[in-house]
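Containing CSV, C-alpha atoms: coords_25.csv.
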chain,number,residue,atom,x,y,z
A,1208,LEU,CA,77.6,114.1,121.6
A,1209,ILE,CA,77.5,117.5,123.4
A,1210,LEU,CA,79.0,118.2,126.8
A,1211,GLN,CA,77.3,120.8,128.9
A,1212,GLY,CA,79.7,123.5,130.2
A,1213,ALA,CA,82.9,121.8,129.0
A,1214,ALA,CA,85.9,123.8,130.0
A,1215,ASN,CA,87.9,123.1,126.9
A,1216,ALA,CA,87.1,124.6,123.5
A,1217,GLY,CA,86.2,122.0,120.9
A,1218,CYS,CA,84.9,119.5,123.5
A,1219,GLY,CA,81.5,119.1,121.7
A,1220,THR,CA,82.9,115.7,120.5
A,1221,CYS,CA,84.5,113.0,122.5
A,1222,VAL,CA,88.1,111.8,122.6
A,1223,ASP,CA,88.6,108.1,122.3
A,1224,ALA,CA,91.7,107.9,124.5
A,1225,ALA,CA,92.4,104.2,124.9
A,1226,GLY,CA,90.8,101.9,122.5
A,1227,VAL,CA,88.5,99.1,123.8
A,1228,PRO,CA,88.4,97.3,127.1
A,1229,ALA,CA,90.8,94.5,127.5
A,1230,VAL,CA,90.1,91.1,129.2
A,1231,VAL,CA,92.0,90.7,132.5
A,1232,ALA,CA,90.4,87.5,133.7
A,1233,THR,CA,87.9,84.8,132.7
A,1234,ILE,CA,86.3,82.4,135.2
A,1235,GLU,CA,83.9,79.5,134.9
A,1236,GLY,CA,80.2,80.0,135.5
A,1237,SER,CA,77.8,82.8,134.8
A,1238,TRP,CA,77.6,85.9,137.0
A,1239,ALA,CA,75.4,87.9,134.6
A,1240,GLY,CA,72.6,88.6,137.0
A,1241,ALA,CA,74.8,89.0,140.1
A,1242,ALA,CA,74.7,92.1,142.3
A,1243,TYR,CA,78.0,94.2,142.5
A,1244,VAL,CA,78.8,95.2,146.0
A,1245,ASN,CA,81.2,98.1,146.1
A,1246,ASP,CA,83.8,98.3,148.9
A,1247,GLU,CA,87.2,99.9,149.2
A,1248,GLU,CA,88.7,96.8,150.9
A,1249,GLN,CA,86.6,93.9,149.6
A,1250,PRO,CA,84.3,94.4,146.6
A,1251,LEU,CA,82.4,91.3,145.5
A,1252,LEU,CA,79.7,89.9,143.2
A,1253,LEU,CA,76.7,88.3,144.9
A,1254,GLY,CA,74.5,85.9,143.0
A,1255,ARG,CA,71.6,83.4,143.4
A,1256,VAL,CA,72.3,79.7,143.3
A,1257,ASN,CA,69.5,77.8,141.5
A,1258,GLU,CA,69.8,74.5,143.2
A,1259,VAL,CA,67.2,72.4,145.0
A,1260,ASP,CA,69.7,71.6,147.8
A,1261,GLY,CA,72.8,73.5,148.8
A,1262,ALA,CA,73.5,77.2,148.9
A,1263,LEU,CA,71.0,80.1,148.3
A,1264,PHE,CA,73.7,82.7,147.5
A,1265,ARG,CA,77.2,82.6,146.1
A,1266,VAL,CA,79.9,85.3,146.6
A,1267,LEU,CA,82.8,86.0,144.3
A,1268,PRO,CA,85.5,88.0,146.1
A,1269,LEU,CA,87.1,90.7,143.9
A,1270,ASN,CA,90.4,92.5,144.3
A,1271,THR,CA,90.3,96.3,144.9
A,1272,ASP,CA,90.8,96.8,141.2
A,1273,GLY,CA,87.6,94.9,140.4
A,1274,ALA,CA,89.2,91.7,139.1
A,1275,PRO,CA,88.5,88.3,140.6
A,1276,GLY,CA,90.4,87.8,143.9
A,1277,GLY,CA,89.6,84.3,145.0
A,1278,ASP,CA,87.3,81.3,144.8
A,1279,ALA,CA,83.5,81.6,145.0
A,1280,VAL,CA,82.0,81.1,148.5
A,1281,ASP,CA,78.5,79.7,149.1
A,1282,LEU,CA,76.4,81.5,151.7
A,1283,LEU,CA,73.3,80.1,153.5
A,1284,THR,CA,71.9,76.6,152.8
A,1285,THR,CA,68.3,75.7,152.1
A,1286,ASN,CA,68.2,74.4,155.7
A,1287,ASP,CA,69.1,77.9,157.0
A,1288,ALA,CA,66.8,80.0,154.9
A,1289,SER,CA,63.9,79.7,152.6
A,1290,GLU,CA,63.8,80.0,148.8
A,1291,THR,CA,64.2,83.7,147.9
A,1292,GLY,CA,63.8,86.4,145.3
A,1293,SER,CA,66.4,89.0,144.4
A,1294,VAL,CA,69.0,89.7,147.0
A,1295,ALA,CA,70.7,93.0,148.1
A,1296,ALA,CA,73.9,93.4,150.0
A,1297,ALA,CA,76.2,96.0,151.6
A,1298,TRP,CA,79.4,96.1,153.6
A,1299,GLY,CA,79.4,97.9,157.0
A,1300,ALA,CA,82.1,98.0,159.7
A,1301,GLY,CA,83.6,94.7,158.5
A,1302,THR,CA,80.2,93.0,158.2
A,1303,LEU,CA,78.4,91.9,155.0
A,1304,GLY,CA,74.7,92.3,155.4
A,1305,LEU,CA,72.2,90.6,153.1
A,1306,ALA,CA,68.5,91.4,152.6
A,1307,TRP,CA,66.0,89.5,150.4
A,1308,PRO,CA,62.2,88.9,150.1
A,1309,TYR,CA,60.5,85.7,151.0
A,1310,GLU,CA,56.7,85.6,150.6
A,1311,ASN,CA,55.6,88.3,153.1
A,1312,ASP,CA,58.9,88.8,154.8
A,1313,VAL,CA,62.1,90.8,154.3
A,1314,GLN,CA,64.9,88.4,155.6
A,1315,PHE,CA,68.4,89.5,156.8
A,1316,ALA,CA,71.6,87.7,157.5
A,1317,SER,CA,75.2,88.9,158.1
A,1318,PHE,CA,78.8,87.6,157.6
A,1319,ASP,CA,82.3,88.6,158.6
A,1320,ARG,CA,85.1,89.4,156.2
A,1321,ASP,CA,85.9,85.7,155.8
A,1322,TYR,CA,82.2,85.0,155.1
A,1323,TYR,CA,81.5,83.2,158.3
A,1324,PRO,CA,78.0,83.7,159.7
A,1325,ILE,CA,77.3,86.4,162.3
A,1326,ALA,CA,73.5,86.7,162.3
A,1327,PRO,CA,71.5,83.7,160.9
A,1328,ALA,CA,68.8,84.3,158.4
A,1329,ALA,CA,65.7,85.8,160.1
A,1330,ARG,CA,62.7,88.1,159.4
A,1331,VAL,CA,63.3,91.8,159.9
A,1332,SER,CA,60.0,93.0,158.4
A,1333,TYR,CA,56.5,91.5,157.6
A,1334,PHE,CA,54.1,92.7,155.0
A,1335,ALA,CA,50.6,91.2,154.9
A,1336,ASP,CA,50.2,91.8,151.1
A,1337,GLY,CA,53.6,90.7,150.0
A,1338,VAL,CA,56.9,92.5,149.5
A,1339,GLY,CA,59.1,93.5,146.5
A,1340,SER,CA,62.9,93.5,146.2
A,1341,PRO,CA,64.7,95.5,148.9
A,1342,ALA,CA,67.8,97.7,149.0
A,1343,ILE,CA,70.3,97.8,151.8
A,1344,HIS,CA,73.1,100.0,153.0
A,1345,TYR,CA,75.1,100.6,156.2
A,1346,GLY,CA,75.0,103.9,158.1
A,1347,ASP,CA,74.9,105.1,161.7
A,1348,ASP,CA,76.1,101.8,163.2
A,1349,ALA,CA,73.3,99.7,161.6
A,1350,PHE,CA,72.1,98.4,158.3
A,1351,GLY,CA,69.2,100.3,156.8
A,1352,ILE,CA,66.8,98.4,154.6
A,1353,VAL,CA,64.0,99.8,152.3
A,1354,ALA,CA,61.4,97.6,150.6
A,1355,PRO,CA,58.2,98.2,148.7
A,1356,ALA,CA,55.1,96.6,150.2
A,1357,ARG,CA,52.8,94.8,147.9
A,1358,LEU,CA,54.0,93.2,144.7
A,1359,GLY,CA,53.1,96.3,142.8
A,1360,ASN,CA,55.9,98.2,144.4
A,1361,GLN,CA,53.7,101.1,145.4
A,1362,GLU,CA,54.5,101.8,149.1
A,1363,TRP,CA,57.9,101.9,150.8
A,1364,TYR,CA,58.9,100.9,154.3
A,1365,TYR,CA,62.2,101.4,156.2
A,1366,SER,CA,63.7,98.9,158.7
A,1367,SER,CA,67.0,99.0,160.6
A,1368,VAL,CA,69.0,96.1,162.0
A,1369,ARG,CA,72.4,95.7,163.7
A,1370,ASP,CA,75.0,93.4,162.3
A,1371,ASP,CA,74.2,90.8,165.0
A,1372,GLY,CA,70.5,90.8,163.8
A,1373,THR,CA,69.1,93.0,166.5
A,1374,ARG,CA,66.1,94.9,165.1
A,1375,LEU,CA,66.1,98.6,165.8
A,1376,VAL,CA,63.4,100.0,163.5
A,1377,ASP,CA,60.6,97.8,162.3
A,1378,ALA,CA,59.0,98.8,159.0
A,1379,VAL,CA,58.2,102.5,159.3
A,1380,SER,CA,56.4,104.1,156.4
A,1381,VAL,CA,58.5,106.2,153.9
A,1382,ASP,CA,57.0,108.7,151.5
A,1383,LEU,CA,58.2,107.0,148.3
A,1384,ALA,CA,56.8,104.8,145.6
A,1385,GLY,CA,58.2,102.8,142.7
A,1386,SER,CA,61.1,100.3,142.6
A,1387,PRO,CA,64.2,100.8,144.8
A,1388,ALA,CA,67.1,101.7,142.6
A,1389,ALA,CA,70.0,102.5,144.9
A,1390,MET,CA,71.1,103.2,148.5
A,1391,GLU,CA,74.1,105.1,149.7
A,1392,SER,CA,75.5,106.4,153.0
A,1393,SER,CA,76.9,109.8,153.9
A,1394,GLY,CA,78.5,108.3,157.0
A,1395,SER,CA,75.7,109.3,159.3
A,1396,GLU,CA,72.5,109.3,157.2
A,1397,LEU,CA,71.3,107.1,154.3
A,1398,GLY,CA,69.9,108.2,151.0
A,1399,ALA,CA,67.7,106.1,148.7
A,1400,ILE,CA,66.4,106.6,145.2
A,1401,SER,CA,63.4,104.9,143.5
A,1402,LEU,CA,62.3,104.8,139.8
A,1403,ILE,CA,58.7,106.0,139.4
A,1404,GLU,CA,57.0,104.8,136.2
A,1405,ASP,CA,53.5,105.5,134.9
A,1406,ALA,CA,53.3,104.5,131.3
A,1407,ALA,CA,49.7,105.6,131.0
A,1408,TYR,CA,50.7,109.2,131.6
A,1409,ASN,CA,54.2,109.0,130.3
A,1410,GLU,CA,55.6,109.9,133.7
A,1411,HIS,CA,59.1,108.5,134.4
A,1412,ALA,CA,61.3,110.0,137.1
A,1413,TYR,CA,63.6,109.3,140.0
A,1414,ALA,CA,62.8,110.3,143.5
A,1415,PHE,CA,65.1,110.7,146.5
A,1416,VAL,CA,64.6,110.4,150.3
A,1417,ALA,CA,67.0,110.8,153.2
A,1418,LEU,CA,66.8,108.4,156.1
A,1419,GLY,CA,68.0,108.7,159.7
A,1420,PRO,CA,68.1,106.3,162.6
A,1421,THR,CA,64.3,106.3,163.0
A,1422,GLY,CA,63.1,106.8,159.5
A,1423,GLN,CA,62.6,109.5,156.9
A,1424,ILE,CA,64.3,112.9,157.2
A,1425,GLY,CA,62.6,115.9,155.4
A,1426,SER,CA,60.4,115.6,152.4
A,1427,THR,CA,60.7,113.4,149.3
A,1428,GLN,CA,62.4,115.0,146.4
A,1429,ARG,CA,61.3,114.3,142.8
A,1430,LEU,CA,64.5,114.9,140.9
A,1431,ASP,CA,63.5,115.9,137.4
A,1432,GLU,CA,60.3,117.0,135.7
A,1433,GLU,CA,61.6,116.6,132.1
A,1434,GLU,CA,59.4,114.3,130.1
A,1435,ALA,CA,61.1,111.2,128.8
A,1436,TRP,CA,59.9,108.0,127.4
A,1437,HIS,CA,62.8,105.9,128.6
A,1438,ILE,CA,64.6,106.6,131.9
A,1439,ALA,CA,67.1,104.1,133.4
A,1440,GLY,CA,70.5,103.4,134.9
A,1441,GLY,CA,70.1,105.5,138.1
A,1442,ASP,CA,73.0,105.7,140.5
A,1443,LEU,CA,73.4,107.5,143.8
A,1444,ALA,CA,76.6,108.6,145.5
A,1445,TRP,CA,77.7,110.8,148.4
A,1446,VAL,CA,80.2,113.5,147.5
A,1447,SER,CA,81.8,116.4,149.5
A,1448,THR,CA,79.0,118.8,148.4
A,1449,GLY,CA,76.1,116.5,149.2
A,1450,TRP,CA,74.2,113.8,147.2
A,1451,TRP,CA,74.6,113.2,143.5
A,1452,VAL,CA,72.2,111.2,141.4
A,1453,ALA,CA,72.9,110.3,137.7
A,1454,TRP,CA,70.7,108.6,135.2
A,1455,GLY,CA,70.0,108.4,131.4
A,1456,THR,CA,66.9,109.6,129.4
A,1457,ASP,CA,65.9,108.7,125.9
A,1458,TYR,CA,63.4,110.7,123.8
A,1459,TYR,CA,63.1,108.0,121.1
A,1460,SER,CA,62.8,104.2,121.4
A,1461,GLU,CA,62.8,101.9,118.4
A,1462,SER,CA,61.7,99.0,120.6
A,1463,SER,CA,58.6,100.8,121.8
A,1464,GLY,CA,57.8,102.6,118.6
A,1465,TRP,CA,57.3,105.9,120.4
A,1466,VAL,CA,58.8,109.0,119.0
A,1467,GLY,CA,59.1,112.2,121.1
A,1468,ALA,CA,59.4,115.8,120.0
A,1469,ASP,CA,63.2,115.5,120.1
A,1470,ASN,CA,65.2,112.5,119.1
A,1471,GLY,CA,68.3,111.7,121.2
A,1472,GLY,CA,68.8,111.5,124.9
A,1473,THR,CA,70.8,112.8,127.9
A,1474,LEU,CA,73.0,111.8,130.8
A,1475,ARG,CA,71.5,113.8,133.6
A,1476,LEU,CA,73.1,114.7,136.9
A,1477,HIS,CA,71.2,116.0,140.0
A,1478,ARG,CA,72.7,117.5,143.2
A,1479,LEU,CA,71.0,117.5,146.6
A,1480,SER,CA,72.2,119.2,149.7
A,1481,PRO,CA,73.7,117.2,152.6
A,1482,THR,CA,70.2,117.3,154.2
A,1483,GLY,CA,68.5,116.0,151.1
A,1484,GLU,CA,67.0,119.2,149.5
A,1485,SER,CA,67.2,119.4,145.7
A,1486,VAL,CA,69.7,122.0,144.4
A,1487,ASP,CA,70.1,121.6,140.7
A,1488,THR,CA,69.9,119.3,137.7
A,1489,VAL,CA,71.9,119.5,134.5
A,1490,ALA,CA,72.0,117.5,131.2
A,1491,LEU,CA,75.7,116.6,131.7
A,1492,VAL,CA,75.9,115.0,128.3
A,1493,SER,CA,73.5,115.2,125.3
A,1494,PHE,CA,73.3,112.4,122.7
A,1495,ASP,CA,72.1,112.8,119.1
A,1496,GLY,CA,70.6,110.0,117.2
A,1497,ASP,CA,67.9,107.3,117.6
A,1498,ASP,CA,67.7,104.6,120.2
A,1499,VAL,CA,70.5,106.0,122.4
A,1500,ALA,CA,69.1,105.0,125.7
A,1501,LEU,CA,71.6,104.5,128.6
A,1502,SER,CA,71.4,101.0,130.2
A,1503,THR,CA,73.9,101.7,133.0
A,1504,VAL,CA,75.2,104.8,134.8
A,1505,ARG,CA,77.9,104.8,137.5
A,1506,ILE,CA,79.2,107.6,139.7
A,1507,ALA,CA,82.8,107.2,141.1
A,1508,ARG,CA,82.9,106.6,144.8
A,1509,ASP,CA,86.4,108.2,145.2
A,1510,GLY,CA,85.3,111.8,145.2
A,1511,SER,CA,86.8,112.4,141.7
A,1512,GLY,CA,83.5,113.6,140.1
A,1513,LEU,CA,83.6,110.9,137.4
A,1514,VAL,CA,80.4,109.7,135.8
A,1515,ALA,CA,80.4,106.8,133.4
A,1516,TRP,CA,77.8,105.2,131.1
A,1517,ILE,CA,76.9,102.4,128.7
A,1518,ARG,CA,74.4,103.0,125.9
A,1519,GLU,CA,72.2,100.3,124.4
A,1520,ASP,CA,74.0,100.8,121.1
A,1521,GLY,CA,77.3,99.8,122.7
A,1522,GLN,CA,78.9,103.2,123.3
A,1523,ALA,CA,80.6,103.5,126.7
A,1524,GLY,CA,82.1,106.7,128.1
A,1525,VAL,CA,83.3,108.7,131.1
A,1526,VAL,CA,83.3,112.4,131.9
A,1527,ARG,CA,84.2,114.4,135.0
A,1528,ALA,CA,81.6,116.8,136.5
A,1529,GLY,CA,82.7,119.8,138.5
A,1530,ASP,CA,81.1,121.2,141.7
A,1531,ASP,CA,78.7,123.1,139.4
A,1532,LEU,CA,77.7,119.7,137.8
A,1533,HIS,CA,79.1,120.7,134.4
A,1534,ALA,CA,81.8,118.9,132.5
A,1535,THR,CA,85.3,120.0,133.3
A,1536,GLY,CA,86.6,119.0,129.8
A,1537,CYS,CA,86.3,116.3,127.2
A,1538,ALA,CA,84.8,112.9,127.7
A,1539,ALA,CA,86.5,109.6,126.7
A,1540,VAL,CA,84.4,107.0,124.8
A,1541,THR,CA,84.8,103.5,123.6
A,1542,THR,CA,82.7,100.6,122.2
A,1543,VAL,CA,81.6,97.6,124.2
A,1544,GLU,CA,79.7,94.4,123.2
A,1545,PRO,CA,75.9,94.3,123.8
A,1546,GLY,CA,74.9,93.1,127.2
A,1547,MET,CA,78.2,94.0,129.0
A,1548,ARG,CA,77.8,95.5,132.5
A,1549,LEU,CA,79.7,98.5,133.9
A,1550,LEU,CA,80.8,97.7,137.4
A,1551,ARG,CA,82.8,100.7,138.6
A,1552,VAL,CA,84.7,103.8,137.5
A,1553,THR,CA,87.7,105.2,139.4
A,1554,ALA,CA,90.4,107.9,139.0
A,1555,THR,CA,93.9,106.6,138.7
A,1556,GLY,CA,95.6,109.9,138.2
A,1557,ASP,CA,94.9,113.6,137.7
A,1558,HIS,CA,93.3,112.9,134.3
A,1559,ASP,CA,93.5,109.1,134.1
A,1560,VAL,CA,90.5,106.9,134.7
A,1561,GLU,CA,89.7,103.2,134.9
A,1562,ALA,CA,86.5,101.4,134.3
A,1563,MET,CA,85.7,97.7,134.9
A,1564,PHE,CA,83.2,95.8,132.8
A,1565,LEU,CA,81.7,92.3,133.1
A,1566,ARG,CA,80.8,90.1,130.1
A,1567,ASP,CA,78.7,86.9,130.2
A,1568,ASP,CA,80.2,84.3,127.9
A,1569,ASP,CA,77.6,81.5,128.3
A,1570,ASP,CA,79.2,79.2,130.8
A,1571,ALA,CA,82.0,81.7,131.7
A,1572,THR,CA,82.3,85.3,132.9
A,1573,SER,CA,85.0,87.7,131.7
A,1574,PHE,CA,86.2,90.8,133.4
A,1575,LEU,CA,87.5,93.7,131.2
A,1576,ARG,CA,89.4,96.8,132.1
A,1577,TRP,CA,89.4,100.1,130.2
A,1578,ASN,CA,92.0,102.8,130.9
A,1579,ALA,CA,91.5,106.3,129.4
A,1580,THR,CA,92.8,109.8,129.7
A,1581,LEU,CA,90.5,112.8,129.9
A,1582,VAL,CA,91.5,116.0,128.1
A,1583,GLU,CA,90.9,118.7,130.8
A,1584,GLU,CA,92.3,122.0,132.0
A,1585,ASP,CA,94.5,121.8,135.1
Could you quickly redo this structure as structure tokens?
Amino acid sequence: LILQGAANAGCGTCVDAAGVPAVVATIEGSWAGAAYVNDEEQPLLLGRVNEVDGALFRVLPLNTDGAPGGDAVDLLTTNDASETGSVAAAWGAGTLGLAWPYENDVQFASFDRDYYPIAPAARVSYFADGVGSPAIHYGDDAFGIVAPARLGNQEWYYSSVRDDGTRLVDAVSVDLAGSPAAMESSGSELGAISLIEDAAYNEHAYAFVALGPTGQIGSTQRLDEEEAWHIAGGDLAWVSTGWWVAWGTDYYSESSGWVGADNGGTLRLHRLSPTGESVDTVALVSFDGDDVALSTVRIARDGSGLVAWIREDGQAGVVRAGDDLHATGCAAVTTVEPGMRLLRVTATGDHDVEAMFLRDDDDATSFLRWNATLVEED
């Protein structure tokens, strides 16, 4: 493992600073496919409920450290809203907004901090040829929603709705294709990334677009022209210098049988200006070996510059990137079980970090915490 631009000599290899993640809580039920909704005050997991009658969605409140913080709460009944596909959610000004596809519609509903309804389930957008899975985030006093029209996820549209359900912008076209991967807010504007895949031409890349109150701002930015067979795990965050996007690439895949010119892969980090223009891309970490694809990448939301990952072979790690996007020192690595999810990474001190993981245990779900110390120059 090689760190690009590491400030400390000898940081071409990682430092395993704290062993393996430790279980902090286990609860009944499976939350393996649930969406993680990040929030400084009230993070949560949001999942589907596969019942003929009863709730459509179920919320599991989490403490600020990412561990379970209360009993699960059912949201929306089958009498309130129709059967749904995947659901996206975001907090904004004390309101939880949900968006999901149903047939040709994007539906929206909102709830307060105690999960009492504010806006009932209602259509915010209509697409004659069908709609794919949406993404949602809060910015500029309203929830912004992006969704791909047609089931092939080929054309994006942006809608905006207040927390009380009042529609502000109704499905304006956005110059973006592919599947929505993440949305984030700068406080005034929204940013969104999509994963563009064309297996016939071996083209796999993330693209970014900035969104204002009425729609797209500026031009769409393709983030990297590097050829890669496998690209995944994309995450988007707002930092003091602008937008950061991180993802993993893999030049070799045992599962596909395809071998590129160079085995191994990279954790890539891209910076865009506050107005959404591309600035730079670096290979923050380079991995040697076969089948080292990254399944998950997370950027810390606390401004610490931390970027964490899980590889398909079970390696998990975290490193800090400086303003120039290069590593400020050594990374810390550990080993996790196959299928574990990385929920969040945060700084707990000048060099101390904490990551939270989720593990599906058949009819139960375990939450695991990993604490590590990075070797860096002060």
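Going from CA of Gln1314 in chain A over to CA of Thr1503 in chain A, you cover 27.7 Å.
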Minimum-distance residue to Thr1541 in chain A, chosen among A:Gly1299, A:Gly1276, A:Gly1337, A:Gly1226 (using all atoms listed in the file): A:Gly1226
CA of Thr1373 in chain A to CA of Ala1356 in chain A, distance in Å rounded to a single decimal: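 One can read the CA of Thr1373 in chain A to CA of Ala1356 in chain A distance as 21.8 Å.
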Shell of 8 Å around range 1383-1393 of chain A, all atoms listed in the file, local chain residues under 2 positions omitted, as a PDB file with C-alpha atoms, in the frame of the given file:
ATOM      1  CA  SER A1340      62.900  93.500 146.200  1.00  0.00           C
ATOM      2  CA  PRO A1341      64.700  95.500 148.900  1.00  0.00           C
ATOM      3  CA  ALA A1342      67.800  97.700 149.000  1.00  0.00           C
ATOM      4  CA  ILE A1343      70.300  97.800 151.800  1.00  0.00           C
ATOM      5  CA  HIS A1344      73.100 100.000 153.000  1.00  0.00           C
ATOM      6  CA  TYR A1345      75.100 100.600 156.200  1.00  0.00           C
ATOM      7  CA  GLY A1346      75.000 103.900 158.100  1.00  0.00           C
ATOM      8  CA  VAL A1353      64.000  99.800 152.300  1.00  0.00           C
ATOM      9  CA  ALA A1354      61.400  97.600 150.600  1.00  0.00           C
ATOM     10  CA  PRO A1355      58.200  98.200 148.700  1.00  0.00           C
ATOM     11  CA  ASN A1360      55.900  98.200 144.400  1.00  0.00           C
ATOM     12  CA  GLN A1361      53.700 101.100 145.400  1.00  0.00           C
ATOM     13  CA  GLU A1362      54.500 101.800 149.100  1.00  0.00           C
ATOM     14  CA  TRP A1363      57.900 101.900 150.800  1.00  0.00           C
ATOM     15  CA  VAL A1381      58.500 106.200 153.900  1.00  0.00           C
ATOM     16  CA  SER A1395      75.700 109.300 159.300  1.00  0.00           C
ATOM     17  CA  GLU A1396      72.500 109.300 157.200  1.00  0.00           C
ATOM     18  CA  LEU A1397      71.300 107.100 154.300  1.00  0.00           C
ATOM     19  CA  GLY A1398      69.900 108.200 151.000  1.00  0.00           C
ATOM     20  CA  ALA A1399      67.700 106.100 148.700  1.00  0.00           C
ATOM     21  CA  ILE A1400      66.400 106.600 145.200  1.00  0.00           C
ATOM     22  CA  SER A1401      63.400 104.900 143.500  1.00  0.00           C
ATOM     23  CA  LEU A1402      62.300 104.800 139.800  1.00  0.00           C
ATOM     24  CA  ILE A1403      58.700 106.000 139.400  1.00  0.00           C
ATOM     25  CA  GLU A1404      57.000 104.800 136.200  1.00  0.00           C
ATOM     26  CA  ALA A1414      62.800 110.300 143.500  1.00  0.00           C
ATOM     27  CA  VAL A1416      64.600 110.400 150.300  1.00  0.00           C
ATOM     28  CA  THR A1427      60.700 113.400 149.300  1.00  0.00           C
ATOM     29  CA  GLY A1441      70.100 105.500 138.100  1.00  0.00           C
ATOM     30  CA  ASP A1442      73.000 105.700 140.500  1.00  0.00           C
ATOM     31  CA  LEU A1443      73.400 107.500 143.800  1.00  0.00           C
ATOM     32  CA  ALA A1444      76.600 108.600 145.500  1.00  0.00           C
ATOM     33  CA  TRP A1445      77.700 110.800 148.400  1.00  0.00           C
TER      34      TRP A1445
END
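Distances to Val1514 in chain A were evaluated for A:Val1489, A:Leu1476, A:Val1499, A:Val1266 using only C-alpha atoms, and the minimum falls at A:Leu1476.
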Residue among A:Asn1245, A:Phe1334, A:Pro1275, A:Gly1483 lying closest to Thr1572 in chain A, counting all atoms listed in the file: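 Checking each candidate against Thr1572 in chain A, we get A:Pro1275 as the closest.
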Selected residue of minimal separation from Leu1252 in chain A among A:Leu1430, A:Ala1297, A:Ala1571, A:Ala1507, counting all atoms listed in the file: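 Smallest separation from Leu1252 in chain A among the options: A:Ala1297.
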Interatomic distance, CA of Gln1423 in chain A to CA of Trp1454 in chain A (Å, one decimal):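 Going from CA of Gln1423 in chain A over to CA of Trp1454 in chain A covers 23.2 Å.
In terms of minimum interatomic distance to Arg1478 in chain A, A:Gly1512 ranks closest within A:Gly1419, A:Gly1496, A:Gly1512, A:Gly1394, counting all atoms listed in the file.
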Distance query 10 Å from (85.5, 110.7, 139.2) using only C-alpha atoms, result as number ranges by chain: A: 1505-1515, 1525-1529, 1552-1555, 1557-1561
For C-alpha atoms, I'd like the residues from the last selection saved as a tab-separated table (two decimals), in the coordinates of the input.
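Written out: selection.tsv:
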chain	number	residue	atom	x	y	z
A	1505	ARG	CA	77.90	104.80	137.50
A	1506	ILE	CA	79.20	107.60	139.70
A	1507	ALA	CA	82.80	107.20	141.10
A	1508	ARG	CA	82.90	106.60	144.80
A	1509	ASP	CA	86.40	108.20	145.20
A	1510	GLY	CA	85.30	111.80	145.20
A	1511	SER	CA	86.80	112.40	141.70
A	1512	GLY	CA	83.50	113.60	140.10
A	1513	LEU	CA	83.60	110.90	137.40
A	1514	VAL	CA	80.40	109.70	135.80
A	1515	ALA	CA	80.40	106.80	133.40
A	1525	VAL	CA	83.30	108.70	131.10
A	1526	VAL	CA	83.30	112.40	131.90
A	1527	ARG	CA	84.20	114.40	135.00
A	1528	ALA	CA	81.60	116.80	136.50
A	1529	GLY	CA	82.70	119.80	138.50
A	1552	VAL	CA	84.70	103.80	137.50
A	1553	THR	CA	87.70	105.20	139.40
A	1554	ALA	CA	90.40	107.90	139.00
A	1555	THR	CA	93.90	106.60	138.70
A	1557	ASP	CA	94.90	113.60	137.70
A	1558	HIS	CA	93.30	112.90	134.30
A	1559	ASP	CA	93.50	109.10	134.10
A	1560	VAL	CA	90.50	106.90	134.70
A	1561	GLU	CA	89.70	103.20	134.90
Using all atoms listed in the file: which of A:Val1486, A:Val1379, A:Leu1549, A:Ile1438 has the shortest distance to Ala1500 in chain A: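 Answer, going by the shortest atom-to-atom distance: A:Ile1438.
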Neighbour residues at most 6 Å from (61.8, 114.9, 138.7) (only C-alpha atoms) as JSON, numbers by chain: {"A": [1412, 1429, 1430, 1431, 1432]}
Who sits within 8 Å of Thr1271 in chain A, all atoms listed in the file, same chain under 2 positions skipped, as a PDB file with C-alpha atoms, in the coordinates of the input:
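Wrote it out as result15.pdb, contents follow:
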ATOM      1  CA  ASP A1246      83.800  98.300 148.900  1.00  0.00           C
ATOM      2  CA  GLU A1247      87.200  99.900 149.200  1.00  0.00           C
ATOM      3  CA  GLU A1248      88.700  96.800 150.900  1.00  0.00           C
ATOM      4  CA  GLN A1249      86.600  93.900 149.600  1.00  0.00           C
ATOM      5  CA  PRO A1250      84.300  94.400 146.600  1.00  0.00           C
ATOM      6  CA  LEU A1269      87.100  90.700 143.900  1.00  0.00           C
ATOM      7  CA  GLY A1273      87.600  94.900 140.400  1.00  0.00           C
ATOM      8  CA  ALA A1274      89.200  91.700 139.100  1.00  0.00           C
TER       9      ALA A1274
END
File output for range 1547-1552 of chain A (N, CA and C atoms) as a CSV table (one decimal), in the first residue's frame:
chain,number,residue,atom,x,y,z
A,1547,MET,N,-19.4,-6.4,5.8
A,1547,MET,CA,-19.6,-5.3,6.7
A,1547,MET,C,-19.7,-4.0,6.0
A,1548,ARG,N,-20.5,-3.1,6.6
A,1548,ARG,CA,-20.6,-1.7,6.0
A,1548,ARG,C,-19.9,-0.7,6.9
A,1549,LEU,N,-19.3,0.3,6.2
A,1549,LEU,CA,-18.7,1.4,6.9
A,1549,LEU,C,-19.7,2.6,6.9
A,1550,LEU,N,-20.2,3.0,8.1
A,1550,LEU,CA,-21.2,4.0,8.2
A,1550,LEU,C,-20.6,5.4,8.2
A,1551,ARG,N,-19.5,5.6,9.0
A,1551,ARG,CA,-19.0,7.0,9.2
A,1551,ARG,C,-17.6,6.9,9.7
A,1552,VAL,N,-16.9,8.0,9.6
A,1552,VAL,CA,-15.5,8.2,10.1
A,1552,VAL,C,-15.5,9.6,10.7
